[in-house]
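Taking it in order: structure first as structure tokens, then the write-up.
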Amino acid sequence: MRLAVLDDEKAFINEFTALTSQMMPDAQVIGFDKEDELIDCIGSERLDCIFMDICLDNSSGIDTAKRVTDISPDIPVVFVTGYPQQYCQSIFLEHFDFEPFAFVCKPIKKQILQRVFEKLKVKGKDKGSDITLHSGRQDIILSTDEIKYVESSRWYVLVHTADKVITVRSKLSDIQQLLPDSFISSHKSYIVNSSYVRAFNSTAVTLQDGTELPVSRSHKNEFKQRLLSIKGFG
């Protein structure tokens, strides 16, 4: 696994590198104390994740993260900060077009970092995983990354992607068994891909494209707990 860490304090870069080496000896860590050097690296190096300080000397880590995802949207970005209360609301309420992979507070606790690494491993396994759906008279091979949400409609299941809806004669529970853990039930009739979630409350979940889906009373607690855990806040 190739990791990058961006922080204007070289002492933290060294601390992060040493801790990561203890926990994942096979991981390679590349440290940056200037955001432009990181941006240049993205164009020439393969990175599996970027750990980024939010408060940088000359810029906001949030803005830098958006630059990163504009270049390479598949790279997970983990925010690291010593001021979580100051930045959490800004990230999740003001920047709908960017969503961090996880959020880690300084000083970094080993058990929290371990959870992030485990989440990265799961993402690596889930990424690009394909399922086969029988629709009409044909079998459709579909990457789970393409699925925004799945909806139950009487005797059928509707699989919603960005550009189409696939109708499958099946039970919702049978489709859910095919999906990775990043898919969460918000309602007895809906399964949501957490990667597409923009916001949620006790009655509804809003996707990045503005689609609003119901959150039922019986699912709201588990939905919230699992979603926050997947996002790195659990």
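Naming scheme: A, B, ... for chains in displayed order of the structure tokens; residues 1 onward per chain; ligands 1 onward as shown.
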Can you tell me, as number ranges by chain, what residues are no more than 9 Å from His134 (chain A) when counting only C-alpha atoms, ignoring any on the same chain fewer than 5 positions away?
-> A: 139-141, 167-169
Restricted to N, CA, C and O atoms, what would the selected residues look like written as a PDB file, in the first residue's frame?
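Result went into selection-v4.pdb, see below:
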```pdb
ATOM      1  N   ASP A 139     -28.432 -11.453 -18.891  1.00  0.00           N
ATOM      2  CA  ASP A 139     -27.649 -11.291 -17.673  1.00  0.00           C
ATOM      3  C   ASP A 139     -26.779 -10.042 -17.834  1.00  0.00           C
ATOM      4  O   ASP A 139     -26.061  -9.902 -18.829  1.00  0.00           O
ATOM      5  N   ILE A 140     -26.851  -9.170 -16.851  1.00  0.00           N
ATOM      6  CA  ILE A 140     -26.105  -7.908 -16.898  1.00  0.00           C
ATOM      7  C   ILE A 140     -25.007  -7.938 -15.844  1.00  0.00           C
ATOM      8  O   ILE A 140     -25.281  -8.150 -14.655  1.00  0.00           O
ATOM      9  N   ILE A 141     -23.770  -7.746 -16.278  1.00  0.00           N
ATOM     10  CA  ILE A 141     -22.640  -7.674 -15.357  1.00  0.00           C
ATOM     11  C   ILE A 141     -22.436  -6.212 -14.986  1.00  0.00           C
ATOM     12  O   ILE A 141     -22.248  -5.351 -15.850  1.00  0.00           O
ATOM     13  N   THR A 167     -34.225  -3.512 -13.891  1.00  0.00           N
ATOM     14  CA  THR A 167     -35.327  -4.193 -13.218  1.00  0.00           C
ATOM     15  C   THR A 167     -35.024  -5.683 -13.116  1.00  0.00           C
ATOM     16  O   THR A 167     -34.732  -6.339 -14.126  1.00  0.00           O
ATOM     17  N   VAL A 168     -35.060  -6.180 -11.891  1.00  0.00           N
ATOM     18  CA  VAL A 168     -34.733  -7.584 -11.630  1.00  0.00           C
ATOM     19  C   VAL A 168     -35.883  -8.218 -10.851  1.00  0.00           C
ATOM     20  O   VAL A 168     -36.363  -7.636  -9.870  1.00  0.00           O
ATOM     21  N   ARG A 169     -36.321  -9.385 -11.279  1.00  0.00           N
ATOM     22  CA  ARG A 169     -37.349 -10.107 -10.524  1.00  0.00           C
ATOM     23  C   ARG A 169     -36.648 -10.866  -9.397  1.00  0.00           C
ATOM     24  O   ARG A 169     -36.059 -11.918  -9.603  1.00  0.00           O
TER      25      ARG A 169
END
```
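For region 13-105 of chain A, backbone-based DSSP assignment of strand (DSSP E) covers Gln28, Val29, Ile30, Gly31, Phe32, Cys49, Ile50, Phe51, Met52, Asp53, Val77, Val78, Phe79, Val80, Thr81, Ala102, Phe103, Val104 and Cys105 of chain A.
For the residues A:Lys106, A:Arg67, A:Arg154, A:Arg46, ranking by smallest atom-to-atom distance to Thr81 (chain A) using only C-alpha atoms places A:Lys106 first.
For Met24 (chain A), the list of residues within 12 Å, based on only C-alpha atoms and with local chain neighbours fewer than 6 positions off taken out, reads Met1, Arg2, Leu3, Phe16, Thr17, Ala18, Lys110, Leu113, Gln114, Phe117, Glu118 and Lys121 of chain A.
Distances here use only C-alpha atoms; by that measure, the residue among A:Thr20, A:Ser72, A:Ser189, A:Ser173 closest to Lys109 (chain A) is A:Thr20.
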Might you pull out every residue within 10 Å of Glu146 (chain A), with only C-alpha atoms counted and same-chain residues fewer than 5 positions away left off, and present them as a PyMOL selection string?
-> chain A and resi 128+130+159-163+193+196
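Using only C-alpha atoms, the nearest neighbour of Met52 (chain A) within the list A:Lys148, A:Lys171, A:Lys66, A:Lys188 is A:Lys66.
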Shortest contact to Thr144 (chain A), candidates A:Leu38, A:Val157, A:Met23, A:Leu179, atoms counted only C-alpha atoms, goes to A:Leu179
Skipping near chain neighbours, those fewer than 5 positions away, what residues fall within 10 Å of Phe12 (chain A) using only C-alpha atoms, listed as a VMD selection string?
-> chain A and resid 5 to 7 17 to 18 31 33 53 106 to 108
